[in-house]
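Data from target.tsv: TSV, C-alpha atoms
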```tsv
chain	number	residue	atom	x	y	z
Y	25	MET	CA	133.64	-25.80	74.71
Y	26	ALA	CA	131.76	-23.03	72.93
Y	27	ARG	CA	130.67	-25.47	70.25
Y	28	HIS	CA	129.26	-27.89	72.79
Y	29	ALA	CA	127.35	-25.10	74.44
Y	30	SER	CA	125.69	-24.14	71.17
Y	31	LEU	CA	124.68	-27.74	70.53
Y	32	ALA	CA	122.82	-28.02	73.81
Y	33	PRO	CA	119.83	-25.84	72.81
Y	34	ALA	CA	119.58	-27.72	69.50
Y	35	ALA	CA	119.50	-31.05	71.36
Y	36	LEU	CA	116.86	-29.65	73.66
Y	37	LEU	CA	114.75	-28.57	70.67
Y	38	LEU	CA	115.08	-32.01	69.13
Y	39	ALA	CA	114.03	-33.65	72.38
Y	40	LEU	CA	111.03	-31.31	72.56
Y	41	ALA	CA	110.07	-32.06	68.97
Y	42	ALA	CA	110.30	-35.78	69.66
Y	43	GLY	CA	108.13	-35.28	72.73
Y	44	CYS	CA	105.49	-33.56	70.63
Y	45	ALA	CA	105.49	-36.04	67.81
Y	46	PRO	CA	103.29	-38.76	69.37
Y	47	ALA	CA	100.58	-36.23	70.32
Y	48	GLN	CA	100.37	-34.90	66.75
Y	49	LYS	CA	100.62	-38.28	65.11
Y	50	LYS	CA	98.00	-38.42	62.39
Y	51	PRO	CA	96.86	-41.82	61.21
Y	52	ASP	CA	98.09	-42.72	57.76
Y	53	TYR	CA	95.00	-42.51	55.56
Y	54	ALA	CA	96.80	-43.29	52.28
Y	55	LYS	CA	95.44	-46.83	52.01
Y	56	PHE	CA	92.00	-45.85	53.28
Y	57	LEU	CA	91.70	-43.06	50.70
Y	58	ALA	CA	93.05	-45.20	47.88
Y	59	ALA	CA	90.51	-47.93	48.64
Y	60	GLN	CA	87.56	-45.43	48.63
Y	61	PRO	CA	85.24	-47.72	50.59
Y	62	ARG	CA	81.50	-46.95	50.31
Y	63	ALA	CA	79.93	-50.03	51.87
Y	64	ILE	CA	81.16	-51.35	55.22
Y	65	LEU	CA	80.39	-54.81	56.52
Y	66	ILE	CA	80.46	-54.96	60.33
Y	67	VAL	CA	80.92	-58.59	61.31
Y	68	PRO	CA	80.05	-60.16	64.68
Y	69	VAL	CA	82.30	-59.12	67.53
Y	70	VAL	CA	85.02	-61.23	69.15
Y	71	ASN	CA	84.94	-61.29	72.94
Y	72	LYS	CA	88.03	-61.21	75.12
Y	73	SER	CA	86.16	-59.91	78.16
Y	74	VAL	CA	84.62	-62.05	80.89
Y	75	ASN	CA	81.09	-60.87	80.07
Y	76	VAL	CA	79.31	-63.23	77.64
Y	77	ASP	CA	76.75	-60.59	76.60
Y	78	ALA	CA	79.34	-57.96	75.70
Y	79	PRO	CA	79.78	-58.74	71.96
Y	80	ASP	CA	76.07	-58.59	71.10
Y	81	TYR	CA	75.44	-55.55	73.26
Y	82	PHE	CA	78.40	-53.86	71.62
Y	83	LEU	CA	77.13	-54.78	68.16
Y	84	SER	CA	73.99	-52.71	68.79
Y	85	THR	CA	76.07	-49.55	69.34
Y	86	ILE	CA	78.27	-49.58	66.25
Y	87	PRO	CA	76.14	-49.31	63.05
Y	88	VAL	CA	74.76	-45.82	63.82
Y	89	PRO	CA	78.09	-44.00	64.32
Y	90	VAL	CA	79.70	-45.71	61.29
Y	91	ALA	CA	76.72	-44.87	59.03
Y	92	GLU	CA	76.75	-41.31	60.36
Y	93	ARG	CA	80.32	-40.97	59.06
Y	94	GLY	CA	78.72	-41.29	55.62
Y	95	TYR	CA	79.10	-44.97	54.72
Y	96	TYR	CA	76.58	-47.62	53.82
Y	97	VAL	CA	76.49	-50.11	56.70
Y	98	PHE	CA	75.07	-53.57	56.14
Y	99	PRO	CA	72.29	-54.58	58.58
Y	100	VAL	CA	74.33	-55.97	61.48
Y	101	ASN	CA	71.74	-58.33	62.94
Y	102	MET	CA	70.79	-59.77	59.55
Y	103	VAL	CA	74.48	-60.23	58.67
Y	104	LYS	CA	75.03	-62.05	61.96
Y	105	ARG	CA	72.08	-64.38	61.32
Y	106	VAL	CA	73.08	-65.08	57.72
Y	107	LEU	CA	76.62	-65.96	58.83
Y	108	GLU	CA	75.19	-68.26	61.50
Y	109	ASP	CA	73.12	-70.00	58.82
Y	110	ASP	CA	76.32	-70.42	56.80
Y	111	GLY	CA	77.97	-72.21	59.73
Y	112	LEU	CA	79.87	-69.15	60.95
Y	113	ALA	CA	78.21	-68.72	64.34
Y	114	ASP	CA	81.58	-68.28	66.05
Y	115	ALA	CA	82.82	-64.69	65.70
Y	116	ALA	CA	86.43	-65.90	65.99
Y	117	LEU	CA	85.88	-68.04	62.88
Y	118	VAL	CA	84.50	-65.01	61.03
Y	119	HIS	CA	87.47	-62.89	62.07
Y	120	GLY	CA	89.78	-65.66	60.92
Y	121	ALA	CA	88.16	-65.89	57.49
Y	122	GLU	CA	89.64	-64.05	54.52
Y	123	PRO	CA	88.28	-60.49	54.33
Y	124	GLN	CA	88.00	-60.87	50.55
Y	125	LYS	CA	85.66	-63.84	50.92
Y	126	LEU	CA	83.46	-62.08	53.46
Y	127	ALA	CA	83.34	-58.92	51.37
Y	128	ALA	CA	82.41	-60.92	48.26
Y	129	LEU	CA	79.64	-62.74	50.13
Y	130	PHE	CA	77.88	-59.44	50.89
Y	131	GLY	CA	79.23	-57.14	48.18
Y	132	ALA	CA	81.09	-55.01	50.73
Y	133	ASP	CA	84.08	-52.74	50.03
Y	134	ALA	CA	85.58	-53.13	53.49
Y	135	VAL	CA	85.10	-55.24	56.59
Y	136	LEU	CA	85.11	-53.82	60.14
Y	137	TYR	CA	86.32	-56.19	62.85
Y	138	VAL	CA	85.80	-55.25	66.48
Y	139	THR	CA	87.13	-57.09	69.52
Y	140	VAL	CA	85.86	-56.43	73.03
Y	141	GLU	CA	89.04	-56.30	75.13
Y	142	ARG	CA	87.39	-55.26	78.39
Y	143	TRP	CA	83.82	-55.00	79.67
Y	144	ASP	CA	83.94	-55.19	83.42
Y	145	ALA	CA	83.07	-53.61	86.74
Y	146	LYS	CA	85.48	-53.64	89.66
Y	147	TYR	CA	85.34	-52.52	93.25
Y	148	ILE	CA	88.02	-50.05	94.11
Y	149	VAL	CA	87.80	-49.34	97.82
Y	150	VAL	CA	84.16	-48.15	98.01
Y	151	ASP	CA	83.74	-47.08	94.39
Y	152	THR	CA	82.88	-49.17	91.36
Y	153	GLN	CA	84.93	-48.66	88.27
Y	154	VAL	CA	83.27	-49.68	85.00
Y	155	THR	CA	85.63	-50.16	82.07
Y	156	VAL	CA	85.13	-50.97	78.40
Y	157	GLU	CA	87.89	-51.31	75.83
Y	158	PHE	CA	87.73	-52.18	72.14
Y	159	THR	CA	90.03	-52.70	69.20
Y	160	TYR	CA	88.74	-51.81	65.73
Y	161	VAL	CA	90.30	-52.92	62.45
Y	162	LEU	CA	89.00	-52.05	58.98
Y	163	LYS	CA	90.25	-54.31	56.18
Y	164	ASP	CA	90.03	-53.84	52.43
Y	165	GLY	CA	87.56	-56.20	50.77
Y	166	LYS	CA	89.72	-56.48	47.66
Y	167	THR	CA	93.24	-56.85	49.03
Y	168	GLY	CA	92.57	-57.90	52.63
Y	169	GLU	CA	95.00	-55.23	53.78
Y	170	SER	CA	94.37	-53.23	56.93
Y	171	LEU	CA	93.06	-49.76	56.01
Y	172	TRP	CA	92.61	-48.33	59.50
Y	173	SER	CA	92.73	-49.40	63.12
Y	174	ALA	CA	92.04	-47.96	66.55
Y	175	ARG	CA	91.97	-48.96	70.18
Y	176	ARG	CA	89.71	-47.11	72.59
Y	177	SER	CA	88.61	-47.45	76.17
Y	178	ALA	CA	86.17	-45.61	78.38
Y	179	VAL	CA	86.02	-45.68	82.17
Y	180	HIS	CA	83.38	-44.57	84.60
Y	181	THR	CA	83.78	-44.48	88.35
Y	182	ALA	CA	80.53	-44.60	90.26
Y	183	SER	CA	80.96	-42.72	93.50
Y	184	GLN	CA	77.68	-41.12	94.44
Y	185	GLY	CA	76.72	-40.30	98.00
Y	186	SER	CA	80.05	-38.63	98.69
Y	187	GLY	CA	78.30	-35.55	100.07
Y	188	GLN	CA	78.15	-37.00	103.56
Y	189	GLY	CA	81.24	-37.46	105.64
Y	190	GLY	CA	82.09	-40.11	108.18
Y	191	LEU	CA	80.59	-43.56	108.41
Y	192	ALA	CA	77.21	-42.56	106.87
Y	193	GLY	CA	79.02	-41.21	103.81
Y	194	LEU	CA	81.09	-44.37	103.47
Y	195	ILE	CA	78.01	-46.56	103.71
Y	196	ALA	CA	76.17	-44.43	101.12
Y	197	LYS	CA	79.17	-44.77	98.80
Y	198	ALA	CA	79.39	-48.51	99.32
Y	199	VAL	CA	75.69	-48.90	98.54
Y	200	ALA	CA	76.00	-46.80	95.38
Y	201	ALA	CA	79.03	-48.83	94.31
Y	202	ALA	CA	77.19	-52.11	94.95
Y	203	VAL	CA	74.25	-50.93	92.86
Y	204	ALA	CA	76.60	-49.86	90.06
Y	205	LYS	CA	78.31	-53.23	90.23
Y	206	ALA	CA	75.05	-55.18	90.21
Y	207	ALA	CA	73.79	-53.39	87.10
Y	208	PRO	CA	76.63	-51.44	85.56
Y	209	ASN	CA	75.57	-49.37	82.60
Y	210	TYR	CA	78.10	-50.18	79.90
Y	211	MET	CA	76.17	-48.79	76.95
Y	212	PRO	CA	77.00	-45.07	77.32
Y	213	LEU	CA	80.66	-46.05	77.72
Y	214	ALA	CA	80.59	-48.18	74.57
Y	215	ARG	CA	79.00	-45.29	72.66
Y	216	GLN	CA	81.62	-42.91	74.07
Y	217	ALA	CA	84.47	-45.21	72.96
Y	218	ASN	CA	82.95	-45.54	69.46
Y	219	ALA	CA	82.55	-41.79	69.14
Y	220	ALA	CA	86.19	-41.25	70.13
Y	221	ALA	CA	87.42	-43.96	67.76
Y	222	LEU	CA	85.46	-42.65	64.76
Y	223	GLU	CA	85.82	-38.92	65.38
Y	224	TYR	CA	87.31	-36.97	62.50
Y	225	PRO	CA	89.60	-35.07	62.33
Y	226	GLY	CA	91.19	-37.35	64.83
Y	227	PRO	CA	91.80	-41.02	64.68
Y	228	GLY	CA	88.52	-41.80	62.88
Y	229	PHE	CA	87.04	-42.27	59.42
Y	230	PRO	CA	87.24	-39.42	56.90
Y	231	SER	CA	83.77	-38.50	55.63
Y	232	GLY	CA	82.16	-41.13	53.46
Y	233	PRO	CA	80.15	-40.62	50.25
Y	234	TYR	CA	76.89	-39.83	52.08
Y	235	ARG	CA	78.36	-36.91	54.00
Y	236	PRO	CA	78.33	-33.48	52.36
Y	237	GLU	CA	82.03	-33.05	53.28
Y	238	TYR	CA	83.01	-36.16	51.31
Y	239	GLN	CA	86.51	-35.69	49.87
Y	240	GLN	CA	86.56	-32.09	51.14
Y	241	ASP	CA	87.87	-32.79	54.63
Y	242	LEU	CA	91.13	-34.56	53.86
C	20	MET	CA	51.57	-6.79	47.49
C	21	ASP	CA	50.06	-9.97	48.82
C	22	ARG	CA	53.16	-11.89	47.84
C	23	THR	CA	55.14	-10.50	50.73
C	24	PRO	CA	53.37	-12.39	53.53
C	25	ARG	CA	53.68	-15.57	51.52
C	26	THR	CA	57.39	-15.08	51.04
C	27	LEU	CA	57.71	-14.44	54.74
C	28	LEU	CA	55.77	-17.59	55.49
C	29	LEU	CA	58.01	-19.59	53.22
C	30	ALA	CA	61.09	-18.11	54.84
C	31	ALA	CA	59.70	-18.96	58.26
C	32	ALA	CA	58.98	-22.52	57.15
C	33	ALA	CA	62.49	-22.83	55.75
C	34	GLY	CA	63.86	-21.48	59.00
C	35	LEU	CA	61.89	-24.05	60.96
C	36	ALA	CA	63.10	-26.83	58.71
C	37	LEU	CA	66.68	-25.63	59.16
C	38	SER	CA	66.40	-25.45	62.93
C	39	ALA	CA	64.89	-28.95	62.93
C	40	CYS	CA	68.03	-30.12	61.11
C	41	ALA	CA	70.27	-28.28	63.51
C	42	GLN	CA	68.61	-30.01	66.44
C	43	ARG	CA	69.85	-33.32	65.12
C	44	SER	CA	73.34	-31.79	65.32
C	45	GLY	CA	74.59	-32.73	61.90
C	46	GLN	CA	73.18	-36.26	61.92
C	47	LEU	CA	72.46	-37.70	58.51
C	48	TYR	CA	69.52	-39.89	59.49
C	49	ARG	CA	66.54	-40.16	61.78
C	50	TRP	CA	67.40	-43.43	63.52
C	51	GLY	CA	64.44	-43.52	65.86
C	52	GLY	CA	65.18	-46.31	68.29
C	53	TYR	CA	67.19	-48.54	65.94
C	54	ASP	CA	70.16	-49.09	68.27
C	55	ALA	CA	67.88	-49.41	71.30
C	56	ALA	CA	65.79	-51.98	69.40
C	57	LEU	CA	68.89	-54.06	68.63
C	58	TYR	CA	70.08	-53.81	72.22
C	59	SER	CA	66.71	-54.94	73.63
C	60	HIS	CA	66.60	-57.75	71.08
C	61	TYR	CA	69.95	-59.10	72.32
C	62	LYS	CA	69.01	-58.54	75.95
C	63	LYS	CA	65.56	-60.15	75.69
C	64	PRO	CA	65.42	-62.25	72.50
C	65	GLN	CA	62.07	-63.71	73.60
C	66	GLU	CA	60.41	-60.29	73.23
C	67	ARG	CA	60.42	-60.52	69.48
C	68	GLN	CA	57.26	-58.54	68.96
C	69	GLU	CA	58.80	-55.45	70.51
C	70	PHE	CA	61.87	-55.72	68.28
C	71	VAL	CA	59.86	-56.05	65.10
C	72	GLU	CA	57.50	-53.21	66.04
C	73	ARG	CA	60.41	-50.90	66.80
C	74	LEU	CA	62.02	-51.64	63.44
C	75	LYS	CA	58.74	-50.84	61.74
C	76	VAL	CA	58.48	-47.55	63.66
C	77	VAL	CA	61.98	-46.51	62.55
C	78	ILE	CA	60.91	-47.06	58.93
C	79	LEU	CA	57.56	-45.28	59.28
C	80	GLU	CA	59.01	-42.27	61.10
C	81	ALA	CA	61.64	-41.72	58.43
C	82	GLU	CA	59.18	-42.27	55.57
C	83	GLN	CA	56.52	-40.00	57.05
C	84	GLY	CA	59.13	-37.34	57.78
C	85	GLY	CA	60.04	-37.45	54.08
C	86	GLU	CA	63.53	-38.64	54.99
C	87	LYS	CA	65.74	-41.44	53.78
C	88	VAL	CA	65.24	-44.61	55.79
C	89	PRO	CA	68.66	-45.20	57.44
C	90	PRO	CA	70.97	-47.81	55.85
C	91	GLY	CA	70.11	-51.39	56.75
C	92	CYS	CA	66.69	-50.70	58.32
C	93	TYR	CA	64.50	-51.96	55.45
C	94	ALA	CA	66.69	-55.05	55.22
C	95	GLU	CA	66.64	-55.72	58.96
C	96	TYR	CA	62.85	-55.53	58.97
C	97	GLY	CA	62.61	-57.68	55.83
C	98	TYR	CA	64.75	-60.31	57.49
C	99	ALA	CA	62.42	-60.37	60.51
C	100	LEU	CA	59.56	-61.08	58.06
C	101	LEU	CA	61.59	-63.80	56.35
C	102	GLU	CA	62.24	-65.51	59.67
C	103	GLU	CA	58.48	-65.70	60.15
C	104	GLY	CA	57.89	-67.25	56.77
C	105	GLN	CA	56.47	-64.08	55.22
C	106	HIS	CA	58.50	-64.45	52.05
C	107	ARG	CA	56.51	-62.08	49.80
C	108	ALA	CA	56.56	-59.24	52.32
C	109	ALA	CA	60.26	-59.90	53.05
C	110	ILE	CA	61.06	-59.61	49.35
C	111	SER	CA	59.33	-56.23	49.12
C	112	TYR	CA	61.50	-54.84	51.94
C	113	PHE	CA	64.70	-56.30	50.45
C	114	GLN	CA	63.73	-54.54	47.22
C	115	LYS	CA	63.25	-51.25	49.09
C	116	GLU	CA	66.72	-51.58	50.63
C	117	ARG	CA	68.24	-52.40	47.25
C	118	ASP	CA	66.54	-49.46	45.51
C	119	LEU	CA	67.39	-46.93	48.22
C	120	TRP	CA	70.97	-48.11	48.84
C	121	PRO	CA	72.73	-49.35	45.68
C	122	GLU	CA	75.63	-50.68	47.78
C	123	SER	CA	73.28	-53.37	49.11
C	124	ARG	CA	72.30	-54.65	45.65
C	125	ALA	CA	74.39	-57.84	45.53
C	126	PHE	CA	73.38	-58.92	49.04
C	127	MET	CA	69.70	-58.02	48.62
C	128	GLU	CA	69.37	-59.83	45.29
C	129	LYS	CA	70.87	-62.92	46.88
C	130	MET	CA	68.34	-62.67	49.71
C	131	ILE	CA	65.47	-62.08	47.28
C	132	ARG	CA	66.39	-65.22	45.30
C	133	ASN	CA	66.66	-67.09	48.58
C	134	ALA	CA	63.19	-65.91	49.68
C	135	GLU	CA	61.71	-66.79	46.28
C	136	ARG	CA	63.13	-70.29	46.55
C	137	LEU	CA	61.69	-70.69	50.06
C	138	GLU	CA	58.32	-69.46	48.81
C	139	GLY	CA	58.39	-71.91	45.91
C	140	ARG	CA	58.93	-74.67	48.41
C	141	GLY	CA	55.93	-73.40	50.34
C	142	SER	CA	57.77	-73.65	53.63
C	143	GLY	CA	57.10	-71.59	56.68
C	144	ALA	CA	53.80	-70.08	55.58
C	145	SER	CA	52.18	-71.35	58.76
C	146	ALA	CA	54.66	-69.55	60.98
C	147	LYS	CA	52.80	-66.35	61.85
C	148	GLY	CA	54.83	-64.05	64.00
C	149	PRO	CA	54.63	-60.43	65.11
C	150	ALA	CA	56.13	-59.07	61.89
C	151	ALA	CA	53.49	-60.91	59.88
C	152	ALA	CA	50.77	-59.35	62.04
C	153	LEU	CA	52.18	-55.88	61.35
C	154	GLU	CA	52.06	-56.57	57.64
C	155	GLY	CA	48.39	-57.52	58.00
C	156	LYS	CA	48.83	-60.95	56.50
```
Give the structure from this file in C-alpha cells form.
Amino acid sequence: MARHASLAPAALLLALAAGCAPAQKKPDYAKFLAAQPRAILIVPVVNKSVNVDAPDYFLSTIPVPVAERGYYVFPVNMVKRVLEDDGLADAALVHGAEPQKLAALFGADAVLYVTVERWDAKYIVVDTQVTVEFTYVLKDGKTGESLWSARRSAVHTASQGSGQGGLAGLIAKAVAAAVAKAAPNYMPLARQANAAALEYPGPGFPSGPYRPEYQQDL
Amino acid sequence: MDRTPRTLLLAAAAGLALSACAQRSGQLYRWGGYDAALYSHYKKPQERQEFVERLKVVILEAEQGGEKVPPGCYAEYGYALLEEGQHRAAISYFQKERDLWPESRAFMEKMIRNAERLEGRGSGASAKGPAAALEGK
C-alpha cells in the first residue's frame, strides 16, 4: 500500500512533464543547420482555398520576411514568369517537380513551398470572420529532403459598431460585417501568419548569413 | 580646442544614424514599397506602369540612402525591362543583381545570355513600355 502511495506523485509528475512537452517542443534544426542554405527559391503557391487570387496575393507577402531572416531570396515574380515560360504555369506541377531540379535551374540552396489552405470570410451571426491558413515546407536543393516545415493560421473577426445596444447596434454590426465580407482585408493576416511562422527563436528560420547573429543564435 | 565641437557633431551624426537604424526595428533592408508593388501588380496587372515605377523607386531609395538594394529588386526590375524588349538595359540590371548578390550568379548569367540572344535576334525592340520610358530609351 505504502509503495503504491509513493508512486502516485511520481506518476503525477510524469503526466505533468508529458503535458508540458508539446508546448516546449523545439523544431529539429539538425538538417537545416547541416544544409547551411544561403539562397532560397520561393516557388509559386499552391491554392487549396476557394479564392482564386489568394496564391498571387500571398506570394507578394513572403519574400520580405524570408530575406529579413538573412537569406538571399530569388525575385519571386521573375521566378514565376520564368517557370511559366518553361511550361510550368501550374503551381501544383512546380510543387510536384524534384526540388533538386528546381534548385539547379536557379542555383538555389533550398526551395520554399507554400500552400494556401484557407483564405475565406464567413458570416458568424452578425460578425464576419476572416481566416487565412498556410503550410510552409523548405526542401534541400541537393538532397530534396525536408529541412523545415510549419503550418500557421490567422483569424480576424470584424465586429465594429458594438457600442450601441438593441436593434440599432445589431444593424450597425451587420453592416460592418457585410462591408468586411465584401472586401475582407486578408493581407495583414497573411503577414501576421508569415511573421509567426518565421519567428526565431520559435518555429522559424535561424538567422541566415546576412544577419549579424548568423550562427550565434543556435 | 576647436576639435571638440567637431567631435560632438560627429557623435551627434552617429547618434542620428543609429536612431534611424533603430526606427527600422532591426530590419536589414529598406524595402520601400516592394511588397505593395507586387500586390498591386497581381491585383491590377493592367497597371504595369505603376508596378515598374515602384520597382525603380525601391532601387533609387536604397541607392541614394547608401544602402544595399534588397535581394531580388535589381533582377525584378531588369525582368520588367526584358519583357518590354529593352535587352541592353535588362542586362545591366541583371549584372547589378549578380554583382551585389553572389547567390544569384548562376540565374543571372543564364538570364544575361538569354537577353543577349534575344538582342542578337533583334526581337522586341519596337515594344516600348513604361520601364523603357524610365530608362530614357
Got a sec to check which residues sit within 6 Å of (78.6, -45.4, 51.8), counting only C-alpha atoms, and write them as a CSV table (one decimal) with C-alpha atoms, in the frame of the given file?
```csv
chain,number,residue,atom,x,y,z
Y,62,ARG,CA,81.5,-47.0,50.3
Y,63,ALA,CA,79.9,-50.0,51.9
Y,94,GLY,CA,78.7,-41.3,55.6
Y,95,TYR,CA,79.1,-45.0,54.7
Y,96,TYR,CA,76.6,-47.6,53.8
Y,232,GLY,CA,82.2,-41.1,53.5
Y,233,PRO,CA,80.2,-40.6,50.2
Y,234,TYR,CA,76.9,-39.8,52.1
```
Point out the residue among Y:Pro79, Y:Pro99, Y:Pro123, Y:Gly131 with the least atom-to-atom distance to Ala125 of chain C, counting all atoms listed in the file. Y:Gly131
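Closest approach to chain Y among C:Arg49, C:Arg107, C:Arg140, C:Arg132 is made by C:Arg49 (distances from all atoms listed in the file).
Around segment 80-88 of chain C, within 10 Å and counting only C-alpha atoms, the residues found are Leu47, Tyr48, Arg49, Trp50, Gly51, Lys75, Val76, Val77, Gly91, Cys92, Tyr93, Lys115, Glu116, Leu119 and Trp120 of chain C, once anything fewer than 3 positions away on its own chain is removed.
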Within 6 Å of chain Y: residues of chain C, using only C-alpha atoms, as a PyMOL selection string: chain C and resi 47+54+57-58+90-91+95+122+125-126
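Atom CA of Pro230 of chain Y to atom CA of Thr155 of chain Y spans 27.4 Å [interatomic distance, one decimal].
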Output, as JSON, the centre and edge lengths in Å (one decimal) of the axis-aligned box that contains all listed atoms of segment 115-121 of chain C with 6 Å of margin on each side.
```
{"center_x": 68.0, "center_y": -49.7, "center_z": 48.1, "size_x": 21.5, "size_y": 17.5, "size_z": 17.1}
```
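A straight line drawn from atom CA of Leu100 of chain C to atom CA of Glu154 of chain C is 8.8 Å long.
The two atoms in question, atom CA of Ser73 of chain Y and atom CA of Lys104 of chain Y, are spaced 19.8 Å apart.
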Quick one: residues within 9 Å of Glu141 of chain Y, all atoms listed in the file, excluding same-chain residues fewer than 5 positions away - as a PyMOL selection string? chain Y and resi 70-73+156-159+177
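By chain and then residue number, the residues within 8 Å of Pro227 of chain Y are Lys50, Pro51, Ala174, Ala220 and Ala221 of chain Y, counting all atoms listed in the file and disregarding those fewer than 6 positions away in sequence.
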Place a sphere of radius 9 Å on (57.7, -65.3, 53.6) in the file coordinates and name every protein, DNA or RNA residue with an atom inside or on its surface, counting only C-alpha atoms; give the answer as a ChimeraX atom specification. /C:100-110,134-135,137-138,141-144,151
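You can rank C:Ala94, C:Ala56, C:Glu128, C:Gln114 by their closest distance to Gln68 of chain C using all atoms listed in the file, and at the top of that list sits C:Ala56.
Nearest to Ala134 of chain Y of all the residues Y:Ala219, Y:Leu112, Y:Val76, Y:Ile66 is Y:Ile66, based on only C-alpha atoms.
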